[in-house]
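This is run-v8.cif (mmCIF, C-alpha atoms).
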```cif
data_protein
#
loop_
_atom_site.label_atom_id
_atom_site.label_comp_id
_atom_site.auth_asym_id
_atom_site.auth_seq_id
_atom_site.Cartn_x
_atom_site.Cartn_y
_atom_site.Cartn_z
CA MET A 107 -5.63 -115.97 47.18
CA PHE A 108 -2.44 -117.96 47.62
CA LYS A 109 -0.62 -115.30 45.60
CA HIS A 110 -1.70 -112.51 47.96
CA LEU A 111 -0.82 -114.57 51.04
CA ARG A 112 2.64 -115.21 49.64
CA LYS A 113 3.17 -111.48 49.03
CA TRP A 114 2.01 -110.67 52.57
CA PHE A 115 4.31 -113.32 54.07
CA VAL A 116 7.34 -112.10 52.14
CA ALA A 117 6.66 -108.44 52.93
CA HIS A 118 6.23 -108.96 56.68
CA PHE A 119 8.83 -111.60 57.44
CA PHE A 120 11.56 -110.93 54.91
CA GLY A 121 10.98 -107.27 54.13
CA HIS A 122 12.56 -105.97 57.33
CA SER A 123 15.75 -107.96 56.86
CA ARG A 124 16.45 -106.33 53.50
CA GLN A 125 15.08 -102.91 54.31
CA ARG A 126 17.03 -100.28 52.42
CA ALA A 127 18.57 -97.18 53.93
CA ARG A 128 16.75 -94.08 52.73
CA LEU A 129 17.74 -90.44 52.72
CA VAL A 130 14.19 -89.10 53.16
CA SER A 131 11.69 -90.87 55.38
CA LYS A 132 8.05 -91.28 54.47
CA ASP A 133 7.10 -88.26 56.60
CA GLY A 134 9.75 -86.04 54.97
CA ARG A 135 12.55 -86.10 57.54
CA CYS A 136 16.10 -86.29 56.21
CA ASN A 137 18.28 -89.17 57.41
CA ILE A 138 21.67 -87.51 57.35
CA GLU A 139 24.30 -86.46 59.87
CA PHE A 140 27.36 -84.23 59.69
CA GLY A 141 30.64 -85.44 61.14
CA ASN A 142 34.02 -83.83 61.79
CA VAL A 143 32.63 -80.31 61.62
CA GLU A 144 35.27 -77.78 62.66
CA ALA A 145 34.73 -75.74 65.81
CA GLN A 146 34.84 -72.54 63.76
CA SER A 147 31.99 -73.82 61.61
CA ARG A 148 29.94 -74.66 64.70
CA PHE A 149 30.30 -71.04 65.84
CA ILE A 150 28.39 -69.97 62.73
CA PHE A 151 25.21 -71.44 64.26
CA PHE A 152 25.46 -68.91 67.08
CA VAL A 153 25.93 -66.07 64.62
CA ASP A 154 22.60 -67.00 63.05
CA ILE A 155 20.99 -67.38 66.47
CA TRP A 156 17.43 -66.77 65.24
CA THR A 157 17.41 -69.72 62.84
CA THR A 158 19.19 -71.86 65.41
CA VAL A 159 16.50 -71.18 68.02
CA LEU A 160 13.72 -71.84 65.52
CA ASP A 161 15.23 -75.19 64.52
CA LEU A 162 15.48 -76.38 68.12
CA LYS A 163 13.09 -79.01 69.38
CA TRP A 164 10.30 -77.89 71.66
CA ARG A 165 11.84 -79.33 74.83
CA TYR A 166 15.07 -77.38 74.29
CA LYS A 167 13.21 -74.25 73.26
CA MET A 168 11.03 -74.28 76.39
CA THR A 169 14.12 -74.89 78.52
CA ILE A 170 15.78 -71.80 77.02
CA PHE A 171 12.53 -69.83 77.38
CA ILE A 172 12.19 -70.58 81.10
CA SER A 173 15.91 -70.22 81.79
CA ALA A 174 16.09 -66.83 80.05
CA PHE A 175 13.39 -65.32 82.23
CA LEU A 176 14.34 -66.99 85.51
CA GLY A 177 18.02 -66.26 84.89
CA SER A 178 17.45 -62.56 84.15
CA TRP A 179 15.14 -62.14 87.16
CA PHE A 180 17.64 -63.75 89.51
CA PHE A 181 20.61 -61.87 88.01
CA PHE A 182 18.98 -58.48 88.45
CA GLY A 183 17.75 -59.57 91.86
CA LEU A 184 21.38 -59.97 92.88
CA LEU A 185 22.15 -56.50 91.48
CA TRP A 186 19.26 -54.95 93.41
CA TYR A 187 20.45 -56.71 96.54
CA ALA A 188 23.98 -55.38 95.93
CA VAL A 189 22.61 -51.82 95.55
CA ALA A 190 20.71 -52.14 98.82
CA TYR A 191 23.75 -53.68 100.52
CA ILE A 192 26.16 -50.95 99.34
CA HIS A 193 23.73 -48.20 100.30
CA LYS A 194 23.17 -49.92 103.66
CA ASP A 195 19.42 -50.16 103.23
CA LEU A 196 19.14 -53.68 104.66
CA PRO A 197 17.75 -54.25 108.18
CA GLU A 198 21.03 -55.74 109.48
CA PHE A 199 22.63 -52.30 109.11
CA HIS A 200 19.98 -50.76 111.42
CA PRO A 201 19.27 -47.68 109.28
CA SER A 202 17.99 -44.57 111.07
CA VAL A 203 14.42 -43.40 110.90
CA ASN A 204 15.35 -40.53 108.56
CA HIS A 205 17.28 -42.88 106.21
CA THR A 206 15.96 -42.90 102.62
CA PRO A 207 16.77 -46.20 100.85
CA CYS A 208 17.43 -46.59 97.13
CA VAL A 209 14.54 -49.06 96.91
CA GLU A 210 11.76 -49.12 99.42
CA ASN A 211 10.99 -52.34 101.34
CA ILE A 212 13.94 -54.49 100.20
CA ASN A 213 14.81 -56.53 103.25
CA GLY A 214 16.83 -59.35 101.74
CA LEU A 215 17.60 -61.44 98.69
CA THR A 216 14.03 -62.72 98.40
CA SER A 217 12.49 -59.26 98.34
CA ALA A 218 15.18 -58.14 95.86
CA PHE A 219 14.23 -61.03 93.57
CA LEU A 220 10.55 -60.12 93.81
CA PHE A 221 11.32 -56.50 92.96
CA SER A 222 13.38 -57.62 89.96
CA LEU A 223 10.45 -59.73 88.74
CA GLU A 224 7.96 -56.88 89.23
CA THR A 225 10.23 -54.46 87.37
CA GLN A 226 10.93 -56.66 84.35
CA VAL A 227 7.37 -57.83 83.76
CA THR A 228 5.93 -54.40 84.75
CA ILE A 229 3.61 -55.80 87.40
CA GLY A 230 3.96 -52.80 89.71
CA TYR A 231 2.33 -53.85 92.96
CA GLY A 232 3.24 -50.49 94.49
CA PHE A 233 4.79 -51.85 97.67
CA ARG A 234 8.43 -51.70 96.49
CA CYS A 235 9.63 -48.75 94.45
CA VAL A 236 12.78 -46.87 93.48
CA THR A 237 13.44 -43.51 95.16
CA GLU A 238 15.42 -40.58 93.82
CA GLN A 239 18.06 -41.09 96.48
CA CYS A 240 20.73 -42.78 94.28
CA GLY A 241 21.36 -42.60 90.56
CA THR A 242 22.68 -46.19 90.47
CA ALA A 243 19.24 -47.59 91.19
CA ILE A 244 17.63 -45.38 88.52
CA PHE A 245 20.19 -46.49 85.91
CA LEU A 246 19.68 -50.14 86.87
CA LEU A 247 15.91 -49.73 86.58
CA ILE A 248 16.21 -48.32 83.05
CA PHE A 249 18.69 -50.98 81.98
CA GLN A 250 16.55 -53.86 83.26
CA SER A 251 13.42 -52.46 81.62
CA ILE A 252 15.11 -52.21 78.21
CA LEU A 253 16.71 -55.65 78.50
CA GLY A 254 13.40 -57.13 79.63
CA VAL A 255 11.65 -55.81 76.52
CA ILE A 256 14.37 -57.36 74.32
CA ILE A 257 14.09 -60.74 76.04
CA ASN A 258 10.28 -60.67 75.83
CA SER A 259 10.34 -59.75 72.15
CA PHE A 260 12.90 -62.39 71.20
CA MET A 261 11.47 -65.29 73.17
CA CYS A 262 7.80 -64.59 72.44
CA GLY A 263 8.65 -64.03 68.76
CA ALA A 264 10.54 -67.34 68.65
CA ILE A 265 7.60 -69.19 70.19
CA LEU A 266 5.13 -67.57 67.79
CA ALA A 267 7.34 -68.23 64.78
CA LYS A 268 7.78 -71.86 65.86
CA ILE A 269 4.02 -72.34 66.12
CA SER A 270 3.25 -70.66 62.80
CA ARG A 271 5.95 -72.43 60.76
CA PRO A 272 4.56 -73.93 57.54
CA LYS A 273 6.04 -77.29 58.46
CA LYS A 274 2.87 -77.96 60.43
CA ARG A 275 0.78 -77.13 57.37
CA ALA A 276 2.79 -79.72 55.48
CA LYS A 277 1.52 -82.39 57.86
CA THR A 278 -1.92 -82.08 56.24
CA ILE A 279 -0.50 -82.97 52.81
CA THR A 280 -0.27 -86.72 52.38
CA PHE A 281 1.16 -88.99 49.69
CA SER A 282 0.13 -92.50 48.82
CA LYS A 283 1.99 -95.30 50.55
CA ASN A 284 3.10 -96.81 47.25
CA ALA A 285 3.83 -95.64 43.75
CA VAL A 286 2.44 -97.66 40.84
CA ILE A 287 3.44 -98.25 37.23
CA SER A 288 0.74 -98.80 34.62
CA LYS A 289 -0.50 -97.48 31.30
CA ARG A 290 -2.09 -94.04 31.20
CA GLY A 291 -3.17 -92.48 27.94
CA GLY A 292 -1.44 -95.20 25.99
CA LYS A 293 1.90 -94.49 27.70
CA LEU A 294 3.67 -96.34 30.49
CA CYS A 295 3.70 -94.05 33.53
CA LEU A 296 4.78 -94.02 37.16
CA LEU A 297 1.87 -92.70 39.23
CA ILE A 298 1.67 -91.25 42.74
CA ARG A 299 -1.39 -89.98 44.55
CA VAL A 300 -1.29 -86.85 46.74
CA ALA A 301 -4.06 -85.25 48.79
CA ASN A 302 -4.71 -82.04 50.69
CA LEU A 303 -6.54 -82.81 53.94
CA ARG A 304 -7.59 -79.18 54.47
CA LYS A 305 -10.15 -77.26 52.49
CA SER A 306 -7.80 -74.27 52.27
CA LEU A 307 -5.72 -74.34 49.10
CA LEU A 308 -2.02 -74.24 48.41
CA ILE A 309 -1.38 -71.34 46.05
CA GLY A 310 1.04 -71.80 43.16
CA SER A 311 1.71 -75.46 43.87
CA HIS A 312 4.57 -77.08 41.98
CA ILE A 313 5.51 -80.76 42.08
CA TYR A 314 8.73 -82.44 40.98
CA GLY A 315 10.97 -85.35 41.88
CA LYS A 316 14.58 -86.45 42.29
CA LEU A 317 15.92 -89.93 41.71
CA LEU A 318 18.80 -90.71 44.06
CA ARG A 319 21.14 -93.56 43.22
CA THR A 320 24.81 -94.46 43.18
CA THR A 321 26.49 -93.98 39.80
CA VAL A 322 30.00 -94.50 38.44
CA THR A 323 31.37 -91.93 36.00
CA PRO A 324 33.40 -92.90 32.91
CA GLU A 325 36.47 -91.73 34.83
CA GLY A 326 35.79 -94.33 37.54
CA GLU A 327 34.48 -91.90 40.19
CA THR A 328 31.70 -93.29 42.38
CA ILE A 329 29.00 -90.72 43.16
CA ILE A 330 26.74 -91.62 46.07
CA LEU A 331 23.30 -89.98 46.06
CA ASP A 332 23.60 -88.83 42.48
CA GLN A 333 20.48 -86.79 41.66
CA ILE A 334 18.44 -87.11 38.47
CA ASN A 335 15.48 -84.86 37.75
CA ILE A 336 12.10 -86.59 37.46
CA ASN A 337 9.30 -84.59 35.87
CA PHE A 338 5.86 -85.17 37.34
CA VAL A 339 2.73 -83.76 35.76
CA VAL A 340 -1.03 -83.96 35.96
CA ASP A 341 -3.31 -83.59 32.99
CA ALA A 342 -3.21 -79.80 33.44
CA GLY A 343 0.56 -79.52 33.93
CA ASN A 344 2.85 -79.51 36.96
CA GLU A 345 2.43 -75.89 38.14
CA ASN A 346 -0.44 -73.96 39.71
CA LEU A 347 -2.28 -77.13 40.67
CA PHE A 348 -5.96 -76.84 41.60
CA PHE A 349 -5.42 -78.78 44.81
CA ILE A 350 -9.00 -79.04 46.07
CA SER A 351 -9.22 -82.84 45.77
CA PRO A 352 -6.66 -85.68 45.66
CA LEU A 353 -4.54 -85.64 42.52
CA THR A 354 -2.81 -88.47 40.71
CA ILE A 355 0.51 -87.22 39.39
CA TYR A 356 2.45 -89.23 36.87
CA HIS A 357 5.84 -89.46 35.22
CA VAL A 358 5.93 -90.68 31.63
CA ILE A 359 8.47 -93.48 31.20
CA ASP A 360 9.99 -92.70 27.82
CA GLN A 361 13.48 -92.98 26.35
CA ASN A 362 14.68 -90.06 28.51
CA SER A 363 13.37 -91.57 31.75
CA PRO A 364 15.74 -93.42 34.11
CA PHE A 365 13.01 -96.06 34.50
CA PHE A 366 13.04 -96.89 30.78
CA ASN A 367 15.53 -99.76 31.07
CA MET A 368 13.81 -101.28 34.10
CA ALA A 369 11.33 -104.14 33.93
CA ALA A 370 8.83 -105.74 36.27
CA GLU A 371 11.28 -108.54 37.06
CA THR A 372 14.32 -106.32 37.63
CA LEU A 373 12.64 -103.47 39.54
CA PRO A 374 12.96 -105.05 43.04
CA GLN A 375 16.70 -105.55 42.48
CA GLN A 376 17.30 -101.89 41.62
CA ASP A 377 19.04 -99.56 44.07
CA PHE A 378 17.43 -96.12 44.01
CA GLU A 379 15.28 -93.76 46.04
CA LEU A 380 12.63 -91.59 44.44
CA VAL A 381 12.07 -88.36 46.40
CA VAL A 382 8.94 -86.37 45.54
CA PHE A 383 8.56 -82.67 46.44
CA LEU A 384 5.49 -80.46 46.55
CA ASP A 385 6.07 -76.72 46.97
CA GLY A 386 3.29 -74.23 47.56
CA THR A 387 2.14 -71.12 49.40
CA VAL A 388 -0.26 -71.45 52.32
CA GLU A 389 -3.41 -69.54 51.51
CA SER A 390 -4.10 -68.33 55.06
CA THR A 391 -0.56 -67.22 56.05
CA SER A 392 1.17 -66.63 52.66
CA ALA A 393 4.09 -68.73 53.93
CA THR A 394 5.90 -71.05 51.56
CA CYS A 395 5.97 -74.71 52.56
CA GLN A 396 7.46 -77.87 51.12
CA VAL A 397 6.17 -81.41 51.49
CA ARG A 398 8.35 -84.37 50.59
CA THR A 399 8.32 -88.14 50.74
CA SER A 400 10.29 -90.96 49.17
CA TYR A 401 9.82 -94.35 47.55
CA VAL A 402 12.27 -97.24 47.38
CA PRO A 403 11.96 -100.07 44.80
CA GLU A 404 9.90 -102.24 47.19
CA GLU A 405 7.30 -99.46 47.34
CA VAL A 406 6.88 -99.18 43.56
CA LEU A 407 4.23 -101.63 42.33
CA TRP A 408 4.46 -102.64 38.68
CA GLY A 409 1.16 -103.46 36.99
CA TYR A 410 -1.18 -101.67 39.37
CA ARG A 411 -3.29 -98.52 39.35
CA PHE A 412 -5.00 -96.56 42.10
CA ALA A 413 -8.59 -97.27 42.99
CA PRO A 414 -11.02 -94.36 42.40
CA ILE A 415 -11.85 -92.31 45.49
CA VAL A 416 -13.97 -89.39 44.24
CA SER A 417 -17.71 -89.86 43.86
CA LYS A 418 -20.81 -87.67 43.62
CA THR A 419 -23.60 -87.93 46.17
CA LYS A 420 -27.33 -87.62 45.53
CA GLU A 421 -27.24 -84.13 47.05
CA GLY A 422 -24.82 -83.03 44.33
CA LYS A 423 -21.73 -82.91 46.54
CA TYR A 424 -18.41 -84.48 45.68
CA ARG A 425 -17.21 -87.02 48.24
CA VAL A 426 -13.63 -88.22 48.74
CA ASP A 427 -13.26 -91.67 50.28
CA PHE A 428 -9.82 -91.78 51.89
CA HIS A 429 -10.28 -95.45 52.68
CA ASN A 430 -9.20 -96.12 49.10
CA PHE A 431 -6.50 -93.46 49.03
CA SER A 432 -3.57 -95.91 48.90
CA LYS A 433 -5.56 -98.86 47.62
CA THR A 434 -4.30 -100.32 44.34
CA VAL A 435 -5.90 -102.53 41.71
CA GLU A 436 -3.94 -104.93 39.51
CA VAL A 437 -4.22 -104.18 35.80
CA GLU A 438 -2.69 -105.55 32.62
CA THR A 439 0.61 -103.76 32.01
CA PRO A 440 3.61 -104.42 29.74
CA HIS A 441 6.46 -105.85 31.77
CA CYS A 442 8.89 -103.21 30.43
CA ALA A 443 8.73 -99.82 28.73
CA LEU A 444 10.84 -101.03 25.80
CA CYS A 445 8.30 -103.76 25.06
CA LEU A 446 5.48 -101.23 24.91
CA TYR A 447 7.33 -98.98 22.48
CA ASN A 448 8.41 -101.94 20.30
CA GLU A 449 4.83 -103.18 20.19
CA ARG A 450 3.59 -99.73 19.26
CA ASP A 451 6.17 -99.37 16.50
CA ALA A 452 5.28 -102.79 15.10
CA ARG A 453 1.60 -101.89 14.96
CA ALA A 454 2.43 -98.61 13.27
CA ARG A 455 4.46 -100.39 10.61
CA ILE A 456 1.65 -102.84 9.89
CA LYS A 457 -0.90 -100.04 9.48
CA LYS A 458 1.39 -97.84 7.48
CA GLY A 459 3.12 -100.37 5.23
CA TYR A 460 6.36 -99.79 3.34
CA ASP A 461 7.20 -99.51 -0.40
CA ASN A 462 10.23 -101.21 -1.84
CA PRO A 463 11.86 -98.68 -4.18
CA ASN A 464 14.00 -101.40 -5.83
CA PHE A 465 11.01 -103.46 -6.82
CA SER A 466 10.19 -103.32 -10.57
CA LEU A 467 7.60 -105.17 -12.61
CA SER A 468 8.74 -106.58 -15.95
CA GLU A 469 6.51 -108.23 -18.56
CA VAL A 470 7.39 -111.77 -19.63
CA SER A 471 6.14 -113.08 -22.95
CA GLU A 472 4.92 -116.63 -23.21
CA THR A 473 7.00 -119.14 -25.16
CA ASP A 474 5.85 -122.06 -27.18
CA ASP A 475 6.86 -124.49 -24.48
CA THR A 476 4.56 -122.86 -21.96
CA LYS A 477 1.57 -122.77 -24.24
CA MET A 478 -0.89 -125.57 -23.79
#
```

Let me see whether you can do it: turn the structure in this file into structure tokens.
Amino acid sequence: MFKHLRKWFVAHFFGHSRQRARLVSKDGRCNIEFGNVEAQSRFIFFVDIWTTVLDLKWRYKMTIFISAFLGSWFFFGLLWYAVAYIHKDLPEFHPSVNHTPCVENINGLTSAFLFSLETQVTIGYGFRCVTEQCGTAIFLLIFQSILGVIINSFMCGAILAKISRPKKRAKTITFSKNAVISKRGGKLCLLIRVANLRKSLLIGSHIYGKLLRTTVTPEGETIILDQININFVVDAGNENLFFISPLTIYHVIDQNSPFFNMAAETLPQQDFELVVFLDGTVESTSATCQVRTSYVPEEVLWGYRFAPIVSKTKEGKYRVDFHNFSKTVEVETPHCALCLYNERDARARIKKGYDNPNFSLSEVSETDDTKM
């Protein structure tokens, strides 16, 4: 009990002071910023305006949405007011009884704005309408109608695309809070648990990892965020996962693994970040999504395994208890991968045995001195 209290005390009171900077947060957001970007490069974002609008936050997107409609209504309201002013249709010009205006019942800027709104959103109350008196008004009516359709299509499409982005589907894919290292199938493995909170599947799921750390090349070059591939598998492979229930994925720590030279005592002093990716296609929308999370050395527990969470009820249904999703259980584990492989080789030598090819048996005859 004292051991667990000591771990809790160290984690809560000293953990924040030595918290490491991470590139990818636990919820998948990237902690990176771009500085000293040239003005010409910034202009590229406006060339790809569709992606730029989709990547905007909701508060900026709604501001653009409202401003686009209100701005276009007011702009064309000014044009309709200018048409009425030039044609002298306004009441201050005291038009004659036989005067035919370009637009009926425009008496000022307010009525011109209302007519612009009715035209662009095709309300058509019937009180204000364009006459055949002047071609300028007819051309302006056609131009506003076409531009209104473009604005409606772009803004409504951007809102719909923002809502249906697979990033929201990725929120229902969750990873365990910690990664663990223990024996699995006689091999030392790094294990992570992942779960799909929806009953709909991810088609063609593929999981992999990247180990980010600072390395120095033989030429003396320091590479920050150097990436090393980490292969994760389940018992059936790492592609086309049957993701109906939580899966425990694992990485075998062998001689080719970057974790091979680490030990239980040296793991907390390591400087790395393990980023795990899960790619798949949403079954309902056929959109491709990616889920990612990361683990720093403090979040990798050596000598633990995950508690079981899948059980079978009396009714014959399989039940997943997410209360134990990130719960770990301490198990006996070698304190380093090299020790496990040395122990295995030693046992293999004892069972196998070795012949000495230089050994030869020679017969020795007894002498008189040795005879009793």

Residues within 9 Å of stretch 326-334 of chain A, only C-alpha atoms, excluding chain neighbours under 2 positions, as an NGL selection string: :A and (129 or 315-324 or 336 or 364 or 378-379)

Can you measure atom CA of A:Leu446 to atom CA of A:Ala285 for me? One decimal in Å is fine.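 These two atoms are separated by 19.7 Å.
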
Write out as a PyMOL selection string which residues come within 10 Å of A:Ala243 when counting all atoms listed in the file, dropping same-chain ones fewer than 3 positions away. chain A and resi 185-186+189-190+208-209+236-240+246-249

Between atom CA of A:Arg165 and atom CA of A:Gln250, what is the spacing in Å? 27.2 Å

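The closest residue to A:Thr354, picked from A:Lys433, A:Arg299, A:Arg290, A:Lys418 and counting all atoms listed in the file, is A:Arg299.
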
Quick one: which residues end up in the PyMOL selection byres ((chain A and resi 307) around 9) for this structure, as a list in words?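 Taken over the shown coordinates, the PyMOL selection byres ((chain A and resi 307) around 9) returns Asn302, Arg304, Lys305, Ser306, Leu308, Ile309, Phe348, Phe349, Ile350, Thr387, Val388, Glu389 and Ser390 of chain A.
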
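From atom CA of A:Asn337 back to atom CA of A:Thr439, the distance works out to 21.4 Å.
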
Name the closest residue to A:Ile257 among the candidates A:Gly177, A:His205, A:Gly232, A:Thr242; distances are taken between atoms, counting all atoms listed in the file.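 Going through A:Gly177, A:His205, A:Gly232, A:Thr242 one by one, the smallest distance to A:Ile257 is for A:Gly177.
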
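What the PyMOL selection byres ((chain A and resi 174) around 12) picks from this file is Lys167, Met168, Thr169, Ile170, Phe171, Ile172, Ser173, Phe175, Leu176, Gly177, Ser178, Trp179, Phe180, Phe181, Leu253, Gly254, Ile256, Ile257, Asn258, Phe260, Met261 and Cys262 of chain A.
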
Name the residues that the PyMOL selection byres ((chain A and resi 437) around 8) pulls out of this structure, and write them as a ChimeraX atom specification. /A:288,409-411,435-436,438-439

Exercise: A:Cys136 partners within 12 Å, all atoms listed in the file, chain neighbours under 4 positions left out, as a count of residues only: 11

Mind checking which residues fall within 7 Å of A:Gln376, counting all atoms listed in the file, ignoring those fewer than 3 positions away in the same chain, and posting them as a ChimeraX atom specification? /A:372-373,403

Give me the stretch 382-454 of chain A side of the contact with stretch 266-271 of chain A, cut-off 9 Å, one line per residue showing its nearest atom pair and distance in Å at one decimal, counting only C-alpha atoms, sorted by chain and residue number, as CSV.
```
residue,atom,partner,partner_atom,distance
A:Thr391,CA,A:Ser270,CA,8.5
A:Ala393,CA,A:Arg271,CA,8.0
A:Cys395,CA,A:Arg271,CA,8.5
```

Using all atoms listed in the file, which residues sit within 8 Å of A:Ala218 once same-chain residues fewer than 6 positions away are excluded, as a PyMOL selection string? chain A and resi 183-184+186-187+212

For a quick check of understanding, using all atoms listed in the file, which of A:Ala443, A:Val227, A:Ile252, A:Gly241 has the smallest distance to A:His193?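 Looking at the shortest contact to A:His193, the residue is A:Gly241.
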
Out of A:Lys283, A:Lys194, A:Lys277, A:Arg135, which residue has the shortest atom-to-atom distance to A:Thr434 when counting all atoms listed in the file?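 Ranking A:Lys283, A:Lys194, A:Lys277, A:Arg135 by distance to A:Thr434, first place goes to A:Lys283.
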
Would you mind putting back N, CA, C and O atoms on stretch 280-296 of chain A, then writing it out as a CSV table (one decimal), in the frame of the given file?
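That gives us out_23.csv:
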```
chain,number,residue,atom,x,y,z
A,280,THR,N,-0.7,-85.3,52.3
A,280,THR,CA,-0.3,-86.7,52.4
A,280,THR,C,-0.1,-87.3,51.0
A,280,THR,O,-0.8,-87.0,50.0
A,281,PHE,N,0.9,-88.2,50.9
A,281,PHE,CA,1.2,-89.0,49.7
A,281,PHE,C,0.7,-90.4,49.9
A,281,PHE,O,0.6,-90.9,51.0
A,282,SER,N,0.5,-91.1,48.8
A,282,SER,CA,0.1,-92.5,48.8
A,282,SER,C,1.3,-93.3,49.4
A,282,SER,O,2.5,-92.9,49.2
A,283,LYS,N,1.0,-94.5,50.0
A,283,LYS,CA,2.0,-95.3,50.6
A,283,LYS,C,2.9,-95.9,49.5
A,283,LYS,O,4.1,-96.1,49.7
A,284,ASN,N,2.3,-96.2,48.3
A,284,ASN,CA,3.1,-96.8,47.2
A,284,ASN,C,3.0,-96.0,46.0
A,284,ASN,O,2.0,-95.3,45.8
A,285,ALA,N,3.9,-96.1,45.1
A,285,ALA,CA,3.8,-95.6,43.8
A,285,ALA,C,3.5,-96.8,42.8
A,285,ALA,O,3.9,-98.0,43.2
A,286,VAL,N,2.8,-96.6,41.7
A,286,VAL,CA,2.4,-97.7,40.8
A,286,VAL,C,2.9,-97.3,39.4
A,286,VAL,O,3.1,-96.2,39.1
A,287,ILE,N,3.1,-98.4,38.6
A,287,ILE,CA,3.4,-98.2,37.2
A,287,ILE,C,2.4,-99.0,36.4
A,287,ILE,O,2.1,-100.2,36.6
A,288,SER,N,1.8,-98.2,35.5
A,288,SER,CA,0.7,-98.8,34.6
A,288,SER,C,0.6,-97.9,33.4
A,288,SER,O,1.2,-96.8,33.3
A,289,LYS,N,-0.3,-98.3,32.5
A,289,LYS,CA,-0.5,-97.5,31.3
A,289,LYS,C,-1.5,-96.4,31.6
A,289,LYS,O,-2.5,-96.6,32.3
A,290,ARG,N,-1.2,-95.2,31.1
A,290,ARG,CA,-2.1,-94.0,31.2
A,290,ARG,C,-2.0,-93.3,29.9
A,290,ARG,O,-1.0,-92.8,29.5
A,291,GLY,N,-3.1,-93.2,29.2
A,291,GLY,CA,-3.2,-92.5,27.9
A,291,GLY,C,-2.3,-93.1,26.9
A,291,GLY,O,-1.8,-92.5,26.0
A,292,GLY,N,-2.2,-94.5,27.0
A,292,GLY,CA,-1.4,-95.2,26.0
A,292,GLY,C,0.0,-95.2,26.3
A,292,GLY,O,0.8,-95.7,25.5
A,293,LYS,N,0.5,-94.6,27.4
A,293,LYS,CA,1.9,-94.5,27.7
A,293,LYS,C,2.1,-95.2,29.0
A,293,LYS,O,1.2,-95.2,29.9
A,294,LEU,N,3.3,-95.7,29.2
A,294,LEU,CA,3.7,-96.3,30.5
A,294,LEU,C,4.1,-95.2,31.4
A,294,LEU,O,5.0,-94.4,31.1
A,295,CYS,N,3.5,-95.2,32.6
A,295,CYS,CA,3.7,-94.0,33.5
A,295,CYS,C,3.9,-94.6,34.9
A,295,CYS,O,3.4,-95.6,35.3
A,296,LEU,N,4.6,-93.8,35.7
A,296,LEU,CA,4.8,-94.0,37.2
A,296,LEU,C,3.8,-93.0,37.8
A,296,LEU,O,4.0,-91.8,37.6
```
